[in-house]
file query_18.tsv (TSV, C-alpha atoms and all ligand atoms)
chain	number	residue	atom	x	y	z
A	1	LEU	CA	-3.53	-6.60	-17.96
A	2	VAL	CA	-2.29	-3.85	-15.67
A	3	ALA	CA	-0.77	-4.88	-12.34
A	4	ILE	CA	-0.46	-2.34	-9.53
A	5	ILE	CA	1.74	-2.74	-6.51
A	6	ALA	CA	-0.11	-0.86	-3.80
A	7	GLY	CA	-0.22	0.08	-0.16
A	8	GLY	CA	-3.37	1.47	1.42
A	9	THR	CA	-4.37	5.07	1.95
A	10	GLY	CA	-1.67	6.59	-0.29
A	11	SER	CA	-2.37	4.18	-3.14
A	12	VAL	CA	-6.12	3.72	-3.25
A	13	LYS	CA	-6.91	6.81	-5.34
A	14	LEU	CA	-4.71	5.75	-8.23
A	15	VAL	CA	-5.92	2.14	-7.91
A	16	ARG	CA	-9.48	3.45	-8.25
A	17	GLY	CA	-8.56	5.61	-11.23
A	18	LEU	CA	-7.01	2.65	-13.04
A	19	ALA	CA	-9.96	0.41	-12.15
A	20	ARG	CA	-12.19	2.81	-14.09
A	21	LEU	CA	-10.03	2.29	-17.18
A	22	CYS	CA	-9.33	-1.45	-17.02
A	23	LYS	CA	-9.64	-4.44	-14.71
A	24	PRO	CA	-6.30	-4.34	-12.92
A	25	ALA	CA	-4.66	-6.86	-10.62
A	26	VAL	CA	-3.88	-5.02	-7.40
A	27	ILE	CA	-1.00	-6.47	-5.39
A	28	ALA	CA	-1.67	-5.31	-1.84
A	29	ASN	CA	0.75	-4.82	1.04
A	30	VAL	CA	0.52	-7.28	3.92
A	31	GLY	CA	3.28	-5.82	6.12
A	32	ASP	CA	0.86	-3.79	8.22
A	33	ASN	CA	-1.42	-6.76	9.00
A	34	ILE	CA	-1.92	-7.32	12.71
A	35	TRP	CA	-3.71	-9.74	15.06
A	36	LEU	CA	-6.07	-7.86	17.38
A	37	HIS	CA	-8.65	-9.36	19.77
A	38	GLY	CA	-8.19	-12.73	18.04
A	39	LEU	CA	-8.92	-11.22	14.61
A	40	TYR	CA	-6.65	-10.94	11.60
A	41	VAL	CA	-6.77	-7.27	10.53
A	42	CYS	CA	-5.37	-6.37	7.09
A	43	PRO	CA	-5.59	-2.57	6.78
A	44	ASP	CA	-4.04	-2.08	3.33
A	45	VAL	CA	-5.88	-5.00	1.73
A	46	ASP	CA	-9.13	-3.68	3.21
A	47	THR	CA	-8.48	-0.09	2.12
A	48	ILE	CA	-8.16	-1.34	-1.47
A	49	VAL	CA	-11.27	-3.55	-1.19
A	50	TYR	CA	-13.34	-0.74	0.36
A	51	GLY	CA	-12.02	1.82	-2.15
A	52	LEU	CA	-12.98	-0.37	-5.10
A	53	ALA	CA	-16.39	-1.20	-3.61
A	54	ASP	CA	-17.24	2.48	-2.93
A	55	MET	CA	-17.30	1.76	0.81
A	56	LEU	CA	-14.18	3.63	1.90
A	57	ASP	CA	-14.25	6.44	4.44
A	58	GLU	CA	-12.69	9.04	2.18
A	59	LYS	CA	-11.92	11.53	4.92
A	60	ARG	CA	-9.83	9.16	7.02
A	61	GLY	CA	-8.56	7.17	4.05
A	62	TRP	CA	-9.22	3.87	5.88
A	63	GLY	CA	-12.19	2.01	7.31
A	64	VAL	CA	-15.80	1.94	6.15
A	65	LYS	CA	-17.72	5.16	5.50
A	66	ASP	CA	-20.51	6.03	7.96
A	67	ASP	CA	-19.16	3.43	10.36
A	68	THR	CA	-19.96	3.49	14.09
A	69	PHE	CA	-17.70	2.48	16.98
A	70	SER	CA	-19.95	0.81	19.57
A	71	PHE	CA	-17.78	-2.31	19.64
A	72	LEU	CA	-14.67	-0.23	20.31
A	73	ASP	CA	-16.38	1.75	23.09
A	74	GLN	CA	-17.60	-1.44	24.72
A	75	MET	CA	-14.16	-3.06	24.42
A	76	LYS	CA	-12.70	-0.11	26.33
A	77	LYS	CA	-15.43	-0.37	28.98
A	78	SER	CA	-14.71	-4.09	29.31
A	79	GLY	CA	-11.13	-3.29	30.26
A	80	SER	CA	-9.54	-4.18	26.92
A	81	ASP	CA	-6.63	-2.08	25.68
A	82	ALA	CA	-8.49	-1.24	22.46
A	83	TRP	CA	-6.15	1.31	20.88
A	84	PHE	CA	-6.88	0.45	17.23
A	85	ALA	CA	-10.16	1.95	16.00
A	86	LEU	CA	-12.06	-1.03	14.55
A	87	GLY	CA	-15.44	0.23	13.38
A	88	ASP	CA	-18.55	-1.92	13.73
A	89	ARG	CA	-18.92	-2.45	9.97
A	90	ASP	CA	-15.19	-2.90	9.47
A	91	LEU	CA	-15.27	-5.52	12.24
A	92	ALA	CA	-17.49	-7.76	10.12
A	93	THR	CA	-14.71	-7.96	7.51
A	94	HIS	CA	-12.16	-9.07	10.11
A	95	VAL	CA	-14.51	-11.65	11.62
A	96	THR	CA	-15.36	-13.07	8.19
A	97	ARG	CA	-11.72	-13.22	7.08
A	98	THR	CA	-10.49	-14.75	10.33
A	99	GLN	CA	-13.21	-17.38	10.22
A	100	MET	CA	-12.45	-18.25	6.59
A	101	MET	CA	-8.77	-18.61	7.40
A	102	LYS	CA	-9.49	-20.75	10.47
A	103	ASN	CA	-11.48	-22.97	8.08
A	104	GLY	CA	-8.45	-23.42	5.87
A	105	LYS	CA	-8.73	-20.65	3.28
A	106	THR	CA	-5.60	-18.69	2.40
A	107	LEU	CA	-5.56	-14.90	2.76
A	108	THR	CA	-5.70	-14.73	-1.05
A	109	GLN	CA	-8.85	-16.87	-1.15
A	110	ALA	CA	-10.51	-15.04	1.75
A	111	THR	CA	-9.75	-11.68	0.13
A	112	ALA	CA	-11.22	-12.78	-3.22
A	113	LEU	CA	-14.44	-13.94	-1.53
A	114	ILE	CA	-14.82	-10.77	0.55
A	115	ALA	CA	-13.97	-8.50	-2.40
A	116	LYS	CA	-16.58	-10.28	-4.53
A	117	ALA	CA	-19.21	-10.05	-1.79
A	118	TYR	CA	-18.65	-6.31	-1.46
A	119	GLY	CA	-18.55	-5.79	-5.23
A	120	ALA	CA	-14.95	-4.57	-5.58
A	121	ARG	CA	-14.14	-3.91	-9.24
A	122	ALA	CA	-10.68	-5.51	-9.55
A	123	LYS	CA	-8.64	-8.56	-8.70
A	124	ILE	CA	-7.10	-7.92	-5.28
A	125	LEU	CA	-4.06	-10.04	-4.50
A	126	PRO	CA	-2.41	-9.91	-1.05
A	127	ALA	CA	1.34	-9.88	-1.73
A	128	SER	CA	1.81	-13.02	0.38
A	129	ASP	CA	-0.23	-15.66	2.19
A	130	ASP	CA	2.51	-15.82	4.80
A	131	GLU	CA	2.60	-13.47	7.76
A	132	ILE	CA	5.09	-10.63	7.70
A	133	ALA	CA	5.08	-7.63	10.01
A	134	THR	CA	6.73	-4.27	9.50
A	135	MET	CA	8.55	-3.53	12.76
A	136	ILE	CA	9.76	-0.08	13.75
A	137	LEU	CA	12.92	0.15	15.85
A	138	THR	CA	12.61	3.13	18.19
A	139	GLY	CA	14.62	4.46	21.12
A	140	SER	CA	12.31	2.54	23.44
A	141	GLY	CA	12.49	-0.78	21.61
A	142	GLU	CA	10.97	-2.42	18.56
A	143	MET	CA	7.24	-2.31	17.93
A	144	HIS	CA	4.73	-3.26	15.23
A	145	LEU	CA	4.12	-0.46	12.72
A	146	GLN	CA	0.51	-0.09	13.90
A	147	LYS	CA	1.64	0.26	17.52
A	148	PHE	CA	4.16	2.89	16.46
A	149	TRP	CA	1.79	4.83	14.22
A	150	VAL	CA	-1.57	4.45	15.96
A	151	LYS	CA	-0.91	3.68	19.64
A	152	ASN	CA	2.15	5.94	19.91
A	153	ALA	CA	0.94	8.48	17.33
A	154	GLY	CA	4.16	8.10	15.30
A	155	ARG	CA	6.05	10.10	17.95
A	156	PRO	CA	9.10	7.97	18.91
A	157	ALA	CA	12.32	8.60	17.00
A	158	VAL	CA	12.83	5.90	14.35
A	159	ARG	CA	16.19	4.08	14.27
A	160	GLY	CA	15.34	1.36	11.81
A	161	VAL	CA	12.66	-0.62	10.03
A	162	ARG	CA	12.57	-4.35	9.39
A	163	TYR	CA	10.07	-6.84	7.99
A	164	ALA	CA	9.68	-9.67	10.49
A	165	GLY	CA	9.09	-13.05	8.84
A	166	ILE	CA	10.32	-11.89	5.42
A	167	LYS	CA	12.96	-14.63	5.05
A	168	LYS	CA	10.40	-17.41	5.31
A	169	ALA	CA	7.56	-15.64	3.50
A	170	ARG	CA	6.91	-16.18	-0.21
A	171	PRO	CA	4.96	-14.09	-2.69
A	172	THR	CA	1.90	-15.95	-3.96
A	173	ARG	CA	1.87	-17.65	-7.36
A	174	GLU	CA	-0.89	-15.23	-8.38
A	175	VAL	CA	1.36	-12.25	-7.61
A	176	LEU	CA	4.33	-13.62	-9.57
A	177	ASP	CA	2.01	-14.52	-12.47
A	178	ALA	CA	0.56	-10.99	-12.50
A	179	ILE	CA	4.05	-9.46	-12.59
A	180	ARG	CA	5.13	-11.85	-15.34
A	181	SER	CA	2.10	-11.43	-17.57
A	182	ALA	CA	1.02	-7.79	-17.12
A	183	ASP	CA	1.38	-5.46	-20.11
A	184	ARG	CA	2.07	-2.62	-17.73
A	185	ILE	CA	3.08	-2.61	-14.04
A	186	VAL	CA	2.42	0.41	-11.85
A	187	ILE	CA	4.01	1.04	-8.47
A	188	ALA	CA	1.45	3.20	-6.71
A	189	PRO	CA	2.39	6.35	-4.81
A	190	GLY	CA	2.57	4.69	-1.40
A	191	ASN	CA	5.15	4.96	1.35
A	192	PRO	CA	8.19	3.18	-0.17
A	193	VAL	CA	9.28	1.71	3.18
A	194	SER	CA	6.03	0.65	4.83
A	195	SER	CA	3.59	0.23	1.91
A	196	ILE	CA	5.63	-0.95	-1.09
A	197	GLY	CA	8.87	-2.10	0.61
A	198	PRO	CA	7.42	-5.24	2.23
A	199	THR	CA	6.15	-6.52	-1.14
A	200	LEU	CA	9.46	-5.78	-2.90
A	201	ALA	CA	11.33	-7.58	-0.09
A	202	LEU	CA	9.50	-10.88	-0.71
A	203	ALA	CA	11.77	-13.50	-2.29
A	204	GLY	CA	11.94	-13.05	-6.05
A	205	VAL	CA	9.68	-9.99	-6.40
A	206	ARG	CA	12.43	-7.39	-6.98
A	207	GLU	CA	14.03	-9.74	-9.51
A	208	ALA	CA	10.72	-10.41	-11.26
A	209	LEU	CA	10.10	-6.66	-11.51
A	210	ALA	CA	13.65	-5.95	-12.68
A	211	ARG	CA	13.04	-8.32	-15.61
A	212	ARG	CA	9.97	-6.19	-16.53
A	213	ARG	CA	11.67	-2.84	-15.77
A	214	LYS	CA	10.76	-1.25	-19.13
A	215	ASP	CA	7.09	-1.79	-18.40
A	216	VAL	CA	7.23	-0.65	-14.77
A	217	VAL	CA	6.19	2.91	-14.00
A	218	THR	CA	6.05	4.48	-10.57
A	219	VAL	CA	4.43	7.65	-9.30
A	220	SER	CA	6.30	9.63	-6.67
A	221	PRO	CA	4.48	9.66	-3.33
A	222	LEU	CA	6.28	12.93	-2.55
A	223	ILE	CA	6.05	16.44	-3.89
A	224	GLY	CA	9.15	18.40	-2.95
A	225	ARG	CA	10.97	17.61	0.24
A	226	SER	CA	8.62	18.81	2.89
A	227	ALA	CA	5.03	18.46	1.66
A	228	LEU	CA	4.76	14.97	3.09
A	229	SER	CA	2.05	13.48	5.20
A	230	GLY	CA	2.30	10.42	7.37
A	231	PRO	CA	5.48	8.80	8.60
A	232	ALA	CA	7.21	8.51	5.21
A	233	VAL	CA	10.06	10.88	6.05
A	234	LYS	CA	10.80	9.21	9.39
A	235	TYR	CA	10.96	5.74	7.86
A	236	MET	CA	12.91	6.87	4.80
A	237	SER	CA	15.56	8.75	6.80
A	238	ALA	CA	16.00	5.74	9.10
A	239	LEU	CA	16.86	3.66	6.03
A	240	GLY	CA	19.06	6.36	4.52
A	241	ILE	CA	16.69	7.16	1.64
A	242	ALA	CA	16.60	10.86	0.69
A	243	SER	CA	13.09	12.19	1.31
A	244	SER	CA	12.50	13.65	-2.13
A	245	PRO	CA	11.46	12.34	-5.55
A	246	VAL	CA	15.19	11.77	-6.19
A	247	GLY	CA	15.33	9.44	-3.17
A	248	ILE	CA	12.25	7.64	-4.47
A	249	ALA	CA	13.88	7.20	-7.88
A	250	GLU	CA	17.02	5.79	-6.22
A	251	PHE	CA	14.91	3.34	-4.23
A	252	TYR	CA	13.15	2.05	-7.38
A	253	ARG	CA	15.92	2.45	-9.98
A	254	ASP	CA	16.46	-1.31	-10.39
A	255	VAL	CA	12.77	-2.11	-10.85
A	256	ALA	CA	11.14	0.90	-12.53
A	257	GLY	CA	12.05	2.24	-15.98
A	258	THR	CA	9.89	5.34	-15.56
A	259	ILE	CA	8.93	7.66	-12.72
A	260	ILE	CA	6.19	10.28	-12.75
A	261	ILE	CA	6.93	13.32	-10.60
A	262	ASP	CA	4.91	16.45	-9.98
A	263	SER	CA	5.36	19.39	-12.33
A	264	LYS	CA	6.47	21.46	-9.32
A	265	ASP	CA	9.49	19.13	-9.02
A	266	ARG	CA	10.66	19.47	-12.62
A	267	GLY	CA	13.93	20.92	-11.27
A	268	MET	CA	14.80	17.42	-10.02
A	269	ALA	CA	14.28	15.72	-13.39
A	270	THR	CA	17.92	15.95	-14.48
A	271	ALA	CA	19.21	14.38	-11.26
A	272	ILE	CA	16.70	11.55	-11.67
A	273	ARG	CA	17.56	10.97	-15.36
A	274	ARG	CA	21.18	10.59	-14.32
A	275	LEU	CA	20.08	7.50	-12.34
A	276	GLY	CA	19.00	5.94	-15.63
A	277	ILE	CA	15.27	6.38	-15.05
A	278	GLU	CA	12.95	8.11	-17.49
A	279	VAL	CA	11.08	11.04	-15.91
A	280	HIS	CA	7.75	12.60	-16.80
A	281	GLU	CA	6.15	15.51	-15.04
A	282	THR	CA	2.47	16.12	-14.51
A	283	ASN	CA	0.06	17.14	-11.76
A	284	ILE	CA	0.14	14.09	-9.44
A	285	THR	CA	-2.27	15.41	-6.81
A	286	MET	CA	-5.58	13.54	-6.89
A	287	ARG	CA	-8.37	15.62	-5.35
A	288	GLY	CA	-11.33	13.72	-6.76
A	289	LYS	CA	-12.48	10.97	-9.11
A	290	ALA	CA	-11.69	13.04	-12.23
A	291	ASP	CA	-8.07	13.48	-11.07
A	292	GLU	CA	-7.79	9.75	-10.33
A	293	VAL	CA	-8.85	8.84	-13.88
A	294	ARG	CA	-6.72	11.61	-15.41
A	295	LEU	CA	-3.56	10.26	-13.73
A	296	GLY	CA	-4.58	6.68	-14.54
A	297	LYS	CA	-4.88	7.57	-18.26
A	298	TYR	CA	-1.57	9.40	-18.16
A	299	LEU	CA	0.14	6.31	-16.72
A	300	MET	CA	-1.29	3.97	-19.33
A	301	ARG	CA	0.47	6.07	-21.97
A	302	GLN	CA	3.94	5.93	-20.38
A	303	LYS	CA	6.45	3.30	-21.34
A	304	SER	CA	10.19	3.39	-20.90
A	305	THR	CA	12.47	3.27	-23.90
A	306	ASN	CA	15.64	2.59	-21.92
A	401	LIG	N1	-5.16	4.52	11.56
A	401	LIG	C1	-5.11	5.33	12.64
A	401	LIG	O1	-4.38	6.31	12.61
A	401	LIG	N2	-5.86	5.05	13.77
A	401	LIG	C2	-6.68	3.99	13.84
A	401	LIG	O2	-7.30	3.77	14.89
A	401	LIG	C3	-6.80	3.13	12.68
A	401	LIG	C4	-7.66	2.06	12.64
A	401	LIG	C5	-7.79	1.32	11.46
A	401	LIG	C6	-8.72	0.29	11.37
A	401	LIG	C7	-8.84	-0.44	10.21
A	401	LIG	C8	-8.01	-0.15	9.11
A	401	LIG	O3	-8.15	-0.87	7.99
A	401	LIG	C9	-7.09	0.86	9.19
A	401	LIG	C10	-6.96	1.62	10.35
A	401	LIG	N3	-6.04	2.67	10.43
A	401	LIG	C11	-5.99	3.45	11.56
A	401	LIG	C12	-5.13	2.94	9.32
A	401	LIG	C13	-3.82	2.14	9.41
A	401	LIG	O4	-3.27	2.22	10.69
A	401	LIG	C14	-2.66	2.65	8.55
A	401	LIG	O5	-2.87	3.91	8.05
A	401	LIG	C15	-2.34	1.70	7.45
A	401	LIG	O6	-2.05	0.44	7.96
A	401	LIG	C16	-1.12	2.18	6.65
A	401	LIG	O7	-1.33	1.89	5.34
call {"tool": "encode", "arguments": {"input": "query_18.tsv", "output": "structure tokens"}}
result
Amino acid sequence: LVAIIAGGTGSVKLVRGLARLCKPAVIANVGDNIWLHGLYVCPDVDTIVYGLADMLDEKRGWGVKDDTFSFLDQMKKSGSDAWFALGDRDLATHVTRTQMMKNGKTLTQATALIAKAYGARAKILPASDDEIATMILTGSGEMHLQKFWVKNAGRPAVRGVRYAGIKKARPTREVLDAIRSADRIVIAPGNPVSSIGPTLALAGVREALARRRKDVVTVSPLIGRSALSGPAVKYMSALGIASSPVGIAEFYRDVAGTIIIDSKDRGMATAIRRLGIEVHETNITMRGKADEVRLGKYLMRQKSTN
């Protein structure tokens, strides 16, 4: 068994690559979940489900391909502050999930049913059945990550990041079992603060991973210091994490025995090795399905000796 700790957009390519090689357990981030219009929206869980069911809008990296936005347009006309682009097809997922949960199913159970209905080719495990929310502290107050990133276009200066509800939340039994029993554990190249961080912050997860450190391999989500997309740099600097593969290695040093960095960053390998992490260099850019499988195969071969 291969277990992958994943976020959404940044992680789905590698998740798909590995799913072509084995039947992995994908542990999906729940920190960016949000209630909108009475619906429970789980962007990272859905990105993984859609990616594994060949339904993902590849250009955006989220949502359903060929989706339409009539619901959203009508919501705006009706006077609703509809700032989050829920597509018509995507909407069906949120309605189904919310209904299942109102009828007593856990997020884990609802996700399994939806993933099966769509034909996703892996076990998809939300990191927790409890609600946590990644909150961004800005100059003008604290806001949900989606409000910061989507409604405010990621513009406000970031002063801090916290996971609301994390003290009370628990990882699911399925997640802890997957970490305990996997032959290999992969931390996908997602944003360490907003995509992977919430899962690692759940009680007992960092410790469970630390016990498996030799078998844990991570792929840097960064190439160099500046070639970064999304809000990774803003979040990382707010938490005092260096925005480079070295910063990533520092962040994961207690849980990952091995890190894969891009060949272009081989100059950083010595600094990373000094942290006690094994380093391998390869092309980590995934431009298509062949790249996804190539990196997946490469990962299956890596195992730490320290
Ligand atoms: N990202 C945006 O930048 N704008 C949107 O309107 C938007 C809508 C959306 C709807 C469903 C979904 O699953 C994801 C969506 N995302 C949107 C992506 C999402 O905000 C983030 O990229 C992830 O939460 C981070 O992993």
call {"tool": "closest_atom_pairs", "arguments": {"input": "query_18.tsv", "of": "segment 14-122 of chain A", "to": "segment 217-239 of chain A", "cutoff": "12 Å", "atoms": "all atoms listed in the file", "output": "JSON lines"}}
result
{"residue": "A:Leu14", "atom": "CA", "partner": "A:Val219", "partner_atom": "CA", "distance": 9.4}
{"residue": "A:Val15", "atom": "CA", "partner": "A:Val219", "partner_atom": "CA", "distance": 11.8}
{"residue": "A:Gly61", "atom": "CA", "partner": "A:Gly230", "partner_atom": "CA", "distance": 11.8}
call {"tool": "atom_distance", "arguments": {"input": "query_18.tsv", "atom1": "atom CA of Pro171 of chain A", "atom2": "atom CA of Ala188 of chain A"}}
result
18.1 Å
call {"tool": "residues_near_ligand", "arguments": {"input": "query_18.tsv", "ligand": "ligand LIG 401 (chain A)", "cutoff": "9 Å", "atoms": "all atoms listed in the file", "output": "MDAnalysis selection string"}}
result
chainID A and resid 7:11 29 31:33 41:47 60:64 83:87 90:91 145:147 149:151 153 190:191 194:195 230
call {"tool": "residues_near_point", "arguments": {"input": "query_18.tsv", "point": "(2.2, -15.0, -14.5)", "cutoff": "12 Å", "atoms": "all atoms listed in the file", "output": "ChimeraX atom specification"}}
result
/A:1,3,25,172-183,208-209,212
call {"tool": "residues_near_point", "arguments": {"input": "query_18.tsv", "point": "(11.1, 2.2, -17.1)", "cutoff": "9 Å", "atoms": "all atoms listed in the file", "output": "list in words"}}
result
Arg212, Arg213, Lys214, Asp215, Val216, Val217, Thr218, Arg253, Val255, Ala256, Gly257, Thr258, Ile259, Gly276, Ile277, Glu278, Val279, Gln302, Lys303, Ser304, Thr305 and Asn306 of chain A
call {"tool": "residues_around", "arguments": {"input": "query_18.tsv", "residues": "Ala115 of chain A", "least_positions_apart": "2", "cutoff": "10 Å", "atoms": "all atoms listed in the file", "output": "CSV table (one decimal) with C-alpha atoms, in the coordinates of the input"}}
result
chain,number,residue,atom,x,y,z
A,45,VAL,CA,-5.9,-5.0,1.7
A,46,ASP,CA,-9.1,-3.7,3.2
A,48,ILE,CA,-8.2,-1.3,-1.5
A,49,VAL,CA,-11.3,-3.6,-1.2
A,50,TYR,CA,-13.3,-0.7,0.4
A,52,LEU,CA,-13.0,-0.4,-5.1
A,53,ALA,CA,-16.4,-1.2,-3.6
A,93,THR,CA,-14.7,-8.0,7.5
A,109,GLN,CA,-8.8,-16.9,-1.2
A,110,ALA,CA,-10.5,-15.0,1.8
A,111,THR,CA,-9.8,-11.7,0.1
A,112,ALA,CA,-11.2,-12.8,-3.2
A,113,LEU,CA,-14.4,-13.9,-1.5
A,117,ALA,CA,-19.2,-10.0,-1.8
A,118,TYR,CA,-18.6,-6.3,-1.5
A,119,GLY,CA,-18.6,-5.8,-5.2
A,120,ALA,CA,-15.0,-4.6,-5.6
A,121,ARG,CA,-14.1,-3.9,-9.2
A,122,ALA,CA,-10.7,-5.5,-9.6
A,123,LYS,CA,-8.6,-8.6,-8.7
A,124,ILE,CA,-7.1,-7.9,-5.3
call {"tool": "closest_residue", "arguments": {"input": "query_18.tsv", "among": "A:Cys22, A:Val12, A:Ala133, A:Val95", "to": "Ile34 of chain A", "atoms": "all atoms listed in the file"}}
result
A:Ala133
call {"tool": "atom_distance", "arguments": {"input": "query_18.tsv", "atom1": "atom CA of Gly154 of chain A", "atom2": "atom CA of Gly139 of chain A"}}
result
12.5 Å
call {"tool": "atom_distance", "arguments": {"input": "query_18.tsv", "atom1": "atom CA of Pro24 of chain A", "atom2": "atom CA of Thr282 of chain A"}}
result
22.3 Å
call {"tool": "closest_residue", "arguments": {"input": "query_18.tsv", "among": "A:Asp254, A:Pro189, A:Asp265, A:Thr106", "to": "Leu295 of chain A", "atoms": "only C-alpha atoms"}}
result
A:Pro189
call {"tool": "residues_around", "arguments": {"input": "query_18.tsv", "residues": "Ile132 of chain A", "least_positions_apart": "3", "cutoff": "6 Å", "atoms": "all atoms listed in the file", "output": "PyMOL selection string"}}
result
chain A and resi 31+164-166
call {"tool": "residues_around", "arguments": {"input": "query_18.tsv", "residues": "Ala201 of chain A", "least_positions_apart": "5", "cutoff": "9 Å", "atoms": "all atoms listed in the file", "output": "MDAnalysis selection string"}}
result
chainID A and resid 163 166:167 196 206
call {"tool": "residues_around", "arguments": {"input": "query_18.tsv", "residues": "Gly17 of chain A", "least_positions_apart": "5", "cutoff": "9 Å", "atoms": "all atoms listed in the file", "output": "number ranges by chain"}}
result
A: 12, 289-297
call {"tool": "write_last_selection", "arguments": {"input": "query_18.tsv", "atoms": "C-alpha atoms", "output": "mmCIF file, in the coordinates of the input"}}
result
data_model
loop_
_atom_site.group_PDB
_atom_site.id
_atom_site.type_symbol
_atom_site.label_atom_id
_atom_site.label_comp_id
_atom_site.auth_asym_id
_atom_site.auth_seq_id
_atom_site.Cartn_x
_atom_site.Cartn_y
_atom_site.Cartn_z
ATOM 1 C CA VAL A 12 -6.120 3.720 -3.250
ATOM 2 C CA LYS A 289 -12.480 10.970 -9.110
ATOM 3 C CA ALA A 290 -11.690 13.040 -12.230
ATOM 4 C CA ASP A 291 -8.070 13.480 -11.070
ATOM 5 C CA GLU A 292 -7.790 9.750 -10.330
ATOM 6 C CA VAL A 293 -8.850 8.840 -13.880
ATOM 7 C CA ARG A 294 -6.720 11.610 -15.410
ATOM 8 C CA LEU A 295 -3.560 10.260 -13.730
ATOM 9 C CA GLY A 296 -4.580 6.680 -14.540
ATOM 10 C CA LYS A 297 -4.880 7.570 -18.260
#
call {"tool": "decode", "arguments": {"input": "query_18.tsv", "residues": "segment 14-27 of chain A", "atoms": "N, CA and C atoms", "output": "CSV table (one decimal), in the first residue's frame"}}
result
chain,number,residue,atom,x,y,z
A,14,LEU,N,0.6,14.2,-9.2
A,14,LEU,CA,1.4,13.1,-8.6
A,14,LEU,C,0.4,12.0,-8.1
A,15,VAL,N,-0.7,12.4,-7.5
A,15,VAL,CA,-1.7,11.4,-7.1
A,15,VAL,C,-2.1,10.6,-8.2
A,16,ARG,N,-2.4,11.2,-9.4
A,16,ARG,CA,-2.9,10.5,-10.6
A,16,ARG,C,-1.8,9.6,-11.1
A,17,GLY,N,-0.5,10.1,-11.1
A,17,GLY,CA,0.6,9.3,-11.5
A,17,GLY,C,0.7,8.0,-10.7
A,18,LEU,N,0.6,8.1,-9.4
A,18,LEU,CA,0.7,7.0,-8.5
A,18,LEU,C,-0.5,6.0,-8.7
A,19,ALA,N,-1.6,6.6,-8.9
A,19,ALA,CA,-2.8,5.8,-9.1
A,19,ALA,C,-2.8,4.9,-10.4
A,20,ARG,N,-1.9,5.3,-11.3
A,20,ARG,CA,-1.7,4.5,-12.5
A,20,ARG,C,-0.8,3.3,-12.2
A,21,LEU,N,0.0,3.4,-11.1
A,21,LEU,CA,0.9,2.4,-10.7
A,21,LEU,C,0.5,1.4,-9.6
A,22,CYS,N,-0.4,1.9,-8.8
A,22,CYS,CA,-0.9,1.1,-7.7
A,22,CYS,C,-2.3,1.7,-7.2
A,23,LYS,N,-2.9,1.1,-6.2
A,23,LYS,CA,-4.1,1.6,-5.7
A,23,LYS,C,-3.9,2.3,-4.4
A,24,PRO,N,-3.5,3.6,-4.5
A,24,PRO,CA,-3.0,4.3,-3.2
A,24,PRO,C,-4.2,4.7,-2.3
A,25,ALA,N,-3.9,5.0,-1.1
A,25,ALA,CA,-4.8,5.7,-0.2
A,25,ALA,C,-4.4,7.1,-0.2
A,26,VAL,N,-5.3,8.0,-0.6
A,26,VAL,CA,-5.0,9.4,-0.7
A,26,VAL,C,-5.6,10.1,0.6
A,27,ILE,N,-4.7,10.7,1.4
A,27,ILE,CA,-5.2,11.4,2.6
A,27,ILE,C,-5.3,12.9,2.2
